[in-house]
>>> print(open('input.cif').read())   # mmCIF, C-alpha atoms
data_upload
loop_
_atom_site.label_atom_id
_atom_site.label_comp_id
_atom_site.auth_asym_id
_atom_site.auth_seq_id
_atom_site.Cartn_x
_atom_site.Cartn_y
_atom_site.Cartn_z
CA MET B 21 118.64 120.37 124.78
CA ALA B 22 116.61 122.85 126.79
CA THR B 23 119.31 125.48 126.29
CA ASP B 24 119.42 124.94 122.52
CA PHE B 25 115.65 125.14 122.21
CA LEU B 26 115.34 128.31 124.28
CA ARG B 27 118.08 129.99 122.28
CA GLN B 28 116.27 129.12 119.07
CA TYR B 29 112.97 130.37 120.46
CA TYR B 30 114.38 133.71 121.58
CA GLU B 31 116.31 134.10 118.32
CA GLU B 32 113.21 133.55 116.16
CA GLN B 33 110.83 135.35 118.55
CA PRO B 34 112.62 138.59 119.44
CA GLN B 35 109.45 139.97 121.02
CA ALA B 36 109.99 137.44 123.83
CA GLY B 37 112.66 139.71 125.29
CA ASP B 38 115.82 138.71 127.12
CA LEU B 39 116.78 135.04 127.09
CA ARG B 40 118.93 135.11 130.21
CA PRO B 41 116.30 135.26 132.98
CA ARG B 42 114.23 132.51 131.34
CA LEU B 43 117.25 130.29 130.77
CA ALA B 44 118.36 130.67 134.39
CA ALA B 45 114.87 129.80 135.64
CA VAL B 46 114.65 126.70 133.41
CA LEU B 47 118.07 125.42 134.44
CA ALA B 48 117.14 125.87 138.11
CA GLU B 49 113.84 124.03 137.55
CA ILE B 50 115.65 121.14 135.87
CA GLU B 51 118.13 120.98 138.73
CA ALA B 52 115.30 120.81 141.26
CA THR B 53 112.83 118.52 139.48
CA GLY B 54 114.60 116.80 136.61
CA THR B 55 112.41 118.56 134.04
CA TYR B 56 110.80 121.91 133.26
CA ARG B 57 107.51 123.31 131.99
CA HIS B 58 107.24 125.19 128.71
CA THR B 59 105.29 128.40 128.56
CA ARG B 60 102.25 128.36 126.29
CA GLU B 61 104.18 130.42 123.76
CA GLU B 62 107.18 128.06 123.85
CA LEU B 63 104.88 125.07 123.43
CA ALA B 64 103.14 126.58 120.39
CA PHE B 65 106.46 127.55 118.82
CA GLY B 66 107.94 124.12 119.44
CA ALA B 67 104.95 122.28 117.95
CA ARG B 68 105.02 124.45 114.82
CA VAL B 69 108.78 124.16 114.33
CA ALA B 70 108.52 120.39 114.80
CA TRP B 71 106.20 120.41 111.78
CA ARG B 72 108.65 122.64 109.91
CA ASN B 73 111.37 120.08 110.69
CA SER B 74 109.34 117.02 109.61
CA SER B 75 111.52 115.64 106.84
CA ARG B 76 108.88 113.18 105.64
CA CYS B 77 106.10 115.72 105.25
CA ILE B 78 105.56 117.46 101.90
CA GLY B 79 102.83 119.76 103.25
CA ARG B 80 104.89 122.14 105.38
CA LEU B 81 104.17 125.41 103.62
CA TYR B 82 101.60 126.33 106.26
CA TRP B 83 103.59 125.19 109.30
CA ASN B 84 103.13 128.48 111.10
CA SER B 85 99.32 128.23 110.88
CA LEU B 86 99.16 125.12 113.11
CA GLN B 87 96.52 125.64 115.81
CA VAL B 88 97.90 124.46 119.15
CA ARG B 89 95.45 123.17 121.77
CA ASP B 90 97.29 123.18 125.10
CA ARG B 91 95.76 120.34 127.14
CA ARG B 92 98.71 119.60 129.40
CA HIS B 93 96.36 119.62 132.38
CA VAL B 94 94.46 116.64 130.92
CA THR B 95 95.80 113.40 132.38
CA THR B 96 93.05 110.75 132.63
CA ALA B 97 92.17 108.33 129.86
CA GLU B 98 88.55 109.56 129.80
CA GLU B 99 89.59 113.18 129.41
CA VAL B 100 92.11 112.35 126.69
CA ALA B 101 89.43 110.51 124.72
CA LEU B 102 86.99 113.42 125.08
CA GLU B 103 89.64 115.87 123.90
CA ALA B 104 90.46 113.61 120.94
CA GLY B 105 86.88 114.00 119.79
CA ALA B 106 87.09 117.75 120.30
CA HIS B 107 90.32 117.80 118.29
CA LEU B 108 88.62 116.08 115.36
CA ARG B 109 85.69 118.49 115.41
CA ALA B 110 88.04 121.49 115.45
CA ALA B 111 90.19 120.04 112.67
CA THR B 112 87.25 118.98 110.48
CA ASN B 113 85.71 122.45 110.53
CA GLY B 114 82.75 121.44 108.41
CA GLY B 115 85.03 120.01 105.73
CA ARG B 116 87.36 123.01 105.46
CA LEU B 117 90.15 121.25 107.32
CA ARG B 118 92.48 123.08 109.68
CA PRO B 119 95.95 121.98 110.88
CA VAL B 120 95.55 121.27 114.61
CA ILE B 121 97.60 119.70 117.39
CA THR B 122 96.38 118.80 120.88
CA VAL B 123 99.21 118.47 123.41
CA PHE B 124 98.60 116.41 126.54
CA ALA B 125 100.73 116.04 129.67
CA PRO B 126 104.42 115.31 129.09
CA ASP B 127 106.50 112.51 130.49
CA ALA B 128 108.07 113.44 133.83
CA PRO B 129 110.89 111.67 135.68
CA ASP B 130 108.45 110.02 138.10
CA ARG B 131 105.27 109.92 136.02
CA PRO B 132 104.77 109.02 132.35
CA GLY B 133 102.31 111.07 130.37
CA PRO B 134 99.19 109.61 128.72
CA ARG B 135 99.43 107.38 125.66
CA ILE B 136 97.13 106.94 122.68
CA TRP B 137 97.86 103.53 121.21
CA ASN B 138 96.24 104.13 117.81
CA ASP B 139 98.65 105.48 115.21
CA GLN B 140 95.87 107.80 113.97
CA LEU B 141 92.79 109.00 115.81
CA ILE B 142 90.66 107.52 113.02
CA ARG B 143 91.55 104.09 111.69
CA TYR B 144 89.49 101.26 110.22
CA ALA B 145 89.34 97.86 111.89
CA GLY B 146 90.94 94.77 110.40
CA TYR B 147 89.12 91.56 111.37
CA GLU B 148 91.34 88.55 110.79
CA ALA B 149 89.61 85.25 110.03
CA PRO B 150 91.06 81.85 111.04
CA ASP B 151 92.14 81.25 107.44
CA GLY B 152 94.23 84.43 107.49
CA THR B 153 91.95 86.56 105.34
CA VAL B 154 91.13 90.04 106.61
CA LEU B 155 87.93 92.03 106.47
CA GLY B 156 88.86 95.70 106.57
CA ASP B 157 92.35 97.16 106.84
CA PRO B 158 95.08 94.51 107.28
CA ARG B 159 97.34 97.15 108.78
CA ASN B 160 95.15 97.26 111.87
CA THR B 161 94.58 93.60 112.73
CA GLY B 162 96.79 93.81 115.83
CA ILE B 163 95.16 96.82 117.41
CA THR B 164 91.72 95.53 116.40
CA ALA B 165 92.42 92.31 118.32
CA ALA B 166 93.67 94.36 121.28
CA ALA B 167 90.48 96.43 121.29
CA VAL B 168 88.37 93.27 121.28
CA ARG B 169 90.38 91.89 124.20
CA LEU B 170 89.69 95.14 126.06
CA GLY B 171 85.95 94.66 125.62
CA TRP B 172 85.15 96.22 122.25
CA SER B 173 82.47 94.13 120.59
CA GLY B 174 83.39 95.16 117.08
CA ASP B 175 81.10 97.25 114.98
CA ALA B 176 78.95 96.44 111.97
CA GLY B 177 81.48 94.04 110.52
CA THR B 178 82.18 96.08 107.39
CA PRO B 179 85.50 96.88 105.69
CA PHE B 180 85.29 100.41 107.13
CA ASP B 181 84.41 100.07 110.83
CA VAL B 182 85.98 102.92 112.81
CA LEU B 183 88.21 101.60 115.57
CA PRO B 184 87.81 102.83 119.13
CA LEU B 185 90.66 104.72 120.75
CA ILE B 186 92.85 102.79 123.16
CA VAL B 187 94.13 105.21 125.79
CA GLN B 188 96.25 105.08 128.91
CA GLY B 189 96.15 107.96 131.36
CA SER B 190 99.16 109.60 132.99
CA GLY B 191 101.08 107.32 135.28
CA GLY B 192 100.42 104.25 133.18
CA GLY B 193 97.77 101.81 134.28
CA GLN B 194 95.41 99.66 132.28
CA PRO B 195 94.53 100.84 128.77
CA ARG B 196 90.86 101.47 128.04
CA CYS B 197 88.71 101.61 124.90
CA PHE B 198 86.66 104.64 123.94
CA ARG B 199 84.39 104.98 120.91
CA LEU B 200 84.83 108.17 118.95
CA PRO B 201 81.65 110.28 118.76
CA PRO B 202 80.09 109.66 115.32
CA GLU B 203 79.72 113.39 114.71
CA ALA B 204 83.50 113.80 115.13
CA VAL B 205 84.30 111.39 112.29
CA LEU B 206 83.72 112.85 108.83
CA GLU B 207 83.92 110.23 106.09
CA VAL B 208 83.84 110.66 102.33
CA PRO B 209 82.14 108.08 100.06
CA ILE B 210 84.44 107.19 97.16
CA ILE B 211 82.88 107.58 93.72
CA HIS B 212 84.32 108.03 90.24
CA PRO B 213 83.53 110.89 87.84
CA GLU B 214 82.84 108.44 84.99
CA PHE B 215 82.56 104.86 86.22
CA ASP B 216 79.42 104.32 88.30
CA TRP B 217 80.44 100.75 89.18
CA LEU B 218 83.20 101.97 91.47
CA GLY B 219 80.67 103.96 93.49
CA GLU B 220 78.66 100.80 94.05
CA TRP B 221 81.46 99.18 96.08
CA GLY B 222 80.72 101.17 99.25
CA LEU B 223 84.25 102.54 99.57
CA ARG B 224 84.89 105.48 101.86
CA TRP B 225 87.71 107.19 103.71
CA HIS B 226 87.93 109.49 106.69
CA ALA B 227 88.66 113.16 106.10
CA VAL B 228 91.17 113.96 108.86
CA PRO B 229 94.60 112.24 109.00
CA ALA B 230 95.36 112.86 112.69
CA ILE B 231 98.65 111.18 113.67
CA SER B 232 98.41 110.16 117.32
CA SER B 233 101.30 107.82 118.19
CA MET B 234 104.28 110.11 117.59
CA CYS B 235 106.02 111.85 120.47
CA LEU B 236 106.42 115.62 120.26
CA GLU B 237 109.91 116.38 121.55
CA ILE B 238 110.68 119.98 122.47
CA GLY B 239 113.89 120.93 124.22
CA GLY B 240 114.32 117.57 125.94
CA VAL B 241 110.67 117.29 127.04
CA CYS B 242 108.65 114.42 125.53
CA TYR B 243 104.92 114.79 124.96
CA PRO B 244 103.91 111.18 124.15
CA ALA B 245 100.28 112.05 123.37
CA ALA B 246 100.12 114.96 120.95
CA PRO B 247 97.78 114.11 118.04
CA PHE B 248 98.22 116.42 115.06
CA ASN B 249 96.83 116.73 111.56
CA GLY B 250 97.04 118.58 108.31
CA TRP B 251 94.97 117.31 105.41
CA TYR B 252 95.32 114.45 102.98
CA MET B 253 97.23 114.45 99.75
CA GLY B 254 95.11 112.29 97.48
CA THR B 255 97.85 109.74 96.79
CA GLU B 256 98.00 108.83 100.48
CA ILE B 257 94.54 107.34 100.07
CA GLY B 258 94.39 106.39 96.39
CA ALA B 259 97.96 105.12 95.90
CA ARG B 260 98.65 103.69 99.36
CA ASN B 261 95.72 103.07 101.73
CA LEU B 262 93.37 101.69 99.08
CA ALA B 263 95.97 100.33 96.67
CA ASP B 264 98.86 98.72 98.59
CA THR B 265 98.81 94.94 98.45
CA ASP B 266 99.05 94.76 102.26
CA ARG B 267 96.20 97.23 102.69
CA TYR B 268 92.91 97.23 100.73
CA ASP B 269 94.62 95.95 97.53
CA LEU B 270 92.02 97.37 95.14
CA LEU B 271 94.08 97.64 91.96
CA PRO B 272 93.12 94.21 90.57
CA ARG B 273 89.45 94.96 91.20
CA VAL B 274 89.69 98.38 89.54
CA ALA B 275 91.54 96.85 86.58
CA GLU B 276 88.79 94.26 86.19
CA GLY B 277 86.19 97.02 86.19
CA LEU B 278 88.15 98.83 83.50
CA GLY B 279 88.47 95.68 81.41
CA LEU B 280 92.27 95.74 81.45
CA ASP B 281 94.59 92.88 80.59
CA THR B 282 96.18 91.83 83.90
CA ALA B 283 98.12 88.85 82.53
CA SER B 284 101.35 90.85 82.26
CA ASP B 285 102.68 93.91 84.07
CA ARG B 286 103.87 95.19 80.67
CA SER B 287 100.29 96.16 79.87
CA LEU B 288 100.68 98.78 82.64
CA TRP B 289 97.32 97.75 84.06
CA LYS B 290 98.48 98.66 87.56
CA ASP B 291 99.43 102.16 86.45
CA ARG B 292 96.14 102.76 84.67
CA ALA B 293 94.11 101.39 87.58
CA LEU B 294 96.14 103.52 90.00
CA VAL B 295 95.40 106.73 88.09
CA GLU B 296 91.66 106.01 88.02
CA LEU B 297 91.56 105.17 91.70
CA ASN B 298 93.35 108.43 92.50
CA ARG B 299 90.95 110.34 90.24
CA ALA B 300 88.11 108.82 92.21
CA VAL B 301 89.57 109.95 95.55
CA LEU B 302 90.11 113.55 94.43
CA HIS B 303 86.70 113.71 92.75
CA SER B 304 84.98 112.31 95.85
CA PHE B 305 86.52 114.80 98.26
CA ASP B 306 85.74 117.65 95.85
CA GLN B 307 82.13 116.50 95.55
CA ALA B 308 81.86 116.34 99.35
CA ASP B 309 83.51 119.78 99.67
CA VAL B 310 86.23 118.38 101.92
CA THR B 311 89.81 119.66 101.81
CA ILE B 312 92.31 117.50 99.97
CA SER B 313 95.39 118.27 97.88
CA ASP B 314 96.73 116.58 94.77
CA HIS B 315 100.37 115.61 94.40
CA HIS B 316 101.15 118.16 91.68
CA THR B 317 99.81 121.08 93.73
CA GLU B 318 101.49 119.89 96.92
CA SER B 319 104.81 119.46 95.14
CA ARG B 320 104.67 123.06 93.92
CA ARG B 321 103.78 124.23 97.41
CA PHE B 322 106.74 122.36 98.86
CA LEU B 323 109.14 124.06 96.46
CA THR B 324 107.58 127.39 97.48
CA HIS B 325 108.19 126.41 101.10
CA ILE B 326 111.86 125.67 100.37
CA ALA B 327 112.31 129.03 98.64
CA ARG B 328 110.60 130.85 101.49
CA GLU B 329 112.74 129.15 104.12
CA GLU B 330 115.95 129.80 102.19
CA ARG B 331 115.11 133.51 102.08
CA ARG B 332 115.01 133.33 105.87
CA GLY B 333 118.43 131.68 105.97
CA ARG B 334 117.08 128.21 106.85
CA THR B 335 117.61 124.96 104.98
CA VAL B 336 114.76 122.46 104.70
CA PRO B 337 115.36 118.86 105.79
CA ALA B 338 113.61 116.34 103.56
CA ASP B 339 113.55 112.61 102.92
CA TRP B 340 113.37 112.21 99.13
CA SER B 341 111.68 108.81 99.37
CA TRP B 342 108.78 110.38 101.28
CA ILE B 343 108.60 113.78 99.58
CA VAL B 344 108.34 112.39 96.03
CA PRO B 345 104.73 111.25 95.50
CA PRO B 346 104.00 107.54 94.93
CA ILE B 347 102.60 108.14 91.44
CA SER B 348 103.96 110.31 88.62
CA GLY B 349 107.00 111.25 90.67
CA ALA B 350 109.10 112.42 87.71
CA ALA B 351 106.25 114.68 86.61
CA THR B 352 106.63 116.75 89.78
CA GLY B 353 109.29 119.31 90.61
CA VAL B 354 110.23 117.67 93.91
CA PHE B 355 111.65 114.66 92.03
CA HIS B 356 114.45 116.54 90.28
CA ARG B 357 116.62 117.68 93.17
CA TYR B 358 118.56 116.62 96.26
CA TYR B 359 117.66 117.48 99.85
CA ASP B 360 119.27 118.11 103.20
CA THR B 361 118.74 114.86 105.14
CA SER B 362 119.78 116.06 108.61
CA GLU B 363 117.38 115.61 111.52
CA ARG B 364 116.35 118.70 113.49
CA THR B 365 114.66 119.38 116.80
CA PRO B 366 111.98 120.10 117.92
CA ALA B 367 110.57 117.03 116.20
CA TYR B 368 107.80 114.49 115.96
CA VAL B 369 109.42 111.14 116.75
CA HIS B 370 108.40 107.50 116.41
CA HIS B 371 109.50 105.62 119.52
CA PRO B 372 109.74 101.79 119.35
CA GLN B 373 107.32 101.42 122.26
CA ALA B 374 104.71 103.56 120.53
CA LEU B 375 105.07 101.57 117.31
CA ALA B 376 104.52 98.36 119.30
CA LEU B 377 101.41 99.77 120.96
CA ALA B 378 100.00 100.77 117.58
CA ARG B 379 100.34 97.12 116.58
CA GLY B 380 98.35 96.15 119.67
CA GLU B 381 101.34 94.56 121.38
CA GLY B 382 100.98 96.26 124.76
CA LEU B 383 98.63 93.76 126.40
CA VAL B 384 99.88 90.88 128.54
#
>>> encode(input="input.cif", output="structure tokens")
Amino acid sequence: MATDFLRQYYEEQPQAGDLRPRLAAVLAEIEATGTYRHTREELAFGARVAWRNSSRCIGRLYWNSLQVRDRRHVTTAEEVALEAGAHLRAATNGGRLRPVITVFAPDAPDRPGPRIWNDQLIRYAGYEAPDGTVLGDPRNTGITAAAVRLGWSGDAGTPFDVLPLIVQGSGGGQPRCFRLPPEAVLEVPIIHPEFDWLGEWGLRWHAVPAISSMCLEIGGVCYPAAPFNGWYMGTEIGARNLADTDRYDLLPRVAEGLGLDTASDRSLWKDRALVELNRAVLHSFDQADVTISDHHTESRRFLTHIAREERRGRTVPADWSWIVPPISGAATGVFHRYYDTSERTPAYVHHPQALALARGEGLV
């Protein structure tokens, strides 16, 4: 895997010079230690190409603009948490969001790298009551319970309490909780351009979708803590986070506010409520001057990305079920075509252990 990655790097980066000395040095390092260390340039290239290879991401047009924060020297849980806050401040950029990745120490044969349990740096707590009802985000009941067991006292007890980070340093050890600095968490109040009643509900969502539980794999080296972000497409919030029945499940409430007949699905009350909720999300981010994209714009950008990559002789892997937006799919250009479904490396990868940690299942 190291050989394949280095050949790709030197092929796409001809200014790097002759592959042979570097390849010989890497193979000798692997023979001696069981692993090898990427140069800063190789790391940045690998992180960006991993985004280019992300078959589930529609927003890859700007893959080469990803800002790479090399923090491989950071190994303790405290330092990782501090750098997570710094990542969010750099990515937020006063509302003009920037694609950023922060790469911490990799796994080594005798020493695992640090882990961030949370699946995103910013998530909202889900407080489960004895009767099974949930205040907040039902997706996060497991990790909320884990944070409480680690000493977090909860927050204000609202549907939008920001969870602390649960972090393990290099080498394993006990996970610890760290509150994110309030100034690092930009949130957008959700209002509607026409219906004032929706703005009275106190809805909000965080601006930066920073994925933090996926492993960045480059040439056989695994970086288990490498939080990265782009920016939201509105449907991620309005058609999934706030609308899914196993999340905030707001469609019935929106339909009631609109006075819709919910007795039968044939009235299309869900569809009408979904459109208005998504209008509210886009309007709110625009009013707050925070970067967000709509699904029509992002679909056009993705087709531009495909054309650009094909001119360079590269095909674009894509998972149709993720690329097509969750509302008005047939009204977008990405709906009406087939895609290459092959997996490429470098890549961002979900490992079963990381998925379990994100559910709060790592405590004994």
>>> closest_residue(input="input.cif", among="B:Gln33, B:Thr112, B:Ala104, B:Trp217", to="B:Pro184", atoms="only C-alpha atoms")
B:Ala104
>>> resolve_selection(input="input.cif", expression="the PyMOL selection byres ((chain B and resi 234-245) around 7)", output="list in words")
Met21, Ala22, Phe25, Gly66, Val123, Phe124, Ala125, Pro126, Asp127, Gly133, Pro134, Arg135, Ile136, Ile231, Ser232, Ser233, Ala246, Pro247, Thr365, Pro366, Ala367, Tyr368, Val369 and His370 of chain B
>>> closest_residue(input="input.cif", among="B:Glu103, B:Asp175, B:Asp139, B:Glu363", to="B:Leu375", atoms="all atoms listed in the file")
B:Asp139
>>> resolve_selection(input="input.cif", expression="the PyMOL selection byres ((chain B and resi 335-340) around 8)", output="list in words")
Asn73, Ser74, Ser75, Arg76, Cys77, Ile326, Glu329, Glu330, Gly333, Arg334, Ser341, Trp342, Ile343, Val344, Phe355, Tyr358, Tyr359, Asp360, Thr361, Ser362, Glu363 and Arg364 of chain B
>>> resolve_selection(input="input.cif", expression="the PyMOL selection byres ((chain B and resi 95) around 7)", output="PyMOL selection string")
chain B and resi 93-94+96-97+99-100+125+134+189-190
>>> atom_distance(input="input.cif", atom1="atom CA of B:Arg224", atom2="atom CA of B:Leu86")
26.8 Å
>>> closest_residue(input="input.cif", among="B:Asp309, B:Glu256, B:Glu381, B:Glu296", to="B:Ile78", atoms="all atoms listed in the file")
B:Glu256
>>> residues_around(input="input.cif", residues="B:Gly353", least_positions_apart="5", cutoff="9 Å", atoms="all atoms listed in the file", output="JSON, numbers by chain")
{"B": [316, 319, 320, 323, 344]}
>>> closest_residue(input="input.cif", among="B:Ala44, B:Leu297, B:Val310, B:Leu39", to="B:His212", atoms="all atoms listed in the file")
B:Leu297
>>> residues_around(input="input.cif", residues="B:Arg118", least_positions_apart="2", cutoff="12 Å", atoms="only C-alpha atoms", output="count of residues only")
30
>>> atom_distance(input="input.cif", atom1="atom CA of B:Arg260", atom2="atom CA of B:Ile211")
17.2 Å
>>> closest_residue(input="input.cif", among="B:Pro34, B:Pro129, B:Gly222, B:Pro195", to="B:Gly171", atoms="only C-alpha atoms")
B:Pro195
>>> closest_residue(input="input.cif", among="B:Arg273, B:Pro201, B:Leu383, B:Ala378", to="B:Ile163", atoms="all atoms listed in the file")
B:Ala378
>>> residues_around(input="input.cif", residues="B:Arg321", least_positions_apart="6", cutoff="10 Å", atoms="only C-alpha atoms", output="PDB file with C-alpha atoms, in the coordinates of the input")
ATOM      1  CA  ILE B  78     105.560 117.460 101.900  1.00  0.00           C
ATOM      2  CA  GLY B  79     102.830 119.760 103.250  1.00  0.00           C
ATOM      3  CA  ARG B  80     104.890 122.140 105.380  1.00  0.00           C
ATOM      4  CA  LEU B  81     104.170 125.410 103.620  1.00  0.00           C
ATOM      5  CA  TYR B  82     101.600 126.330 106.260  1.00  0.00           C
ATOM      6  CA  HIS B 315     100.370 115.610  94.400  1.00  0.00           C
ATOM      7  CA  ALA B 327     112.310 129.030  98.640  1.00  0.00           C
ATOM      8  CA  VAL B 354     110.230 117.670  93.910  1.00  0.00           C
TER       9      VAL B 354
END
>>> residues_near_point(input="input.cif", point="(92.0, 89.7, 110.2)", cutoff="12 Å", atoms="all atoms listed in the file", output="list in words")
Tyr144, Ala145, Gly146, Tyr147, Glu148, Ala149, Pro150, Asp151, Gly152, Thr153, Val154, Leu155, Gly156, Asp157, Pro158, Arg159, Asn160, Thr161, Gly162, Ile163, Thr164, Ala165, Gly177, Pro179, Asp266 and Arg267 of chain B
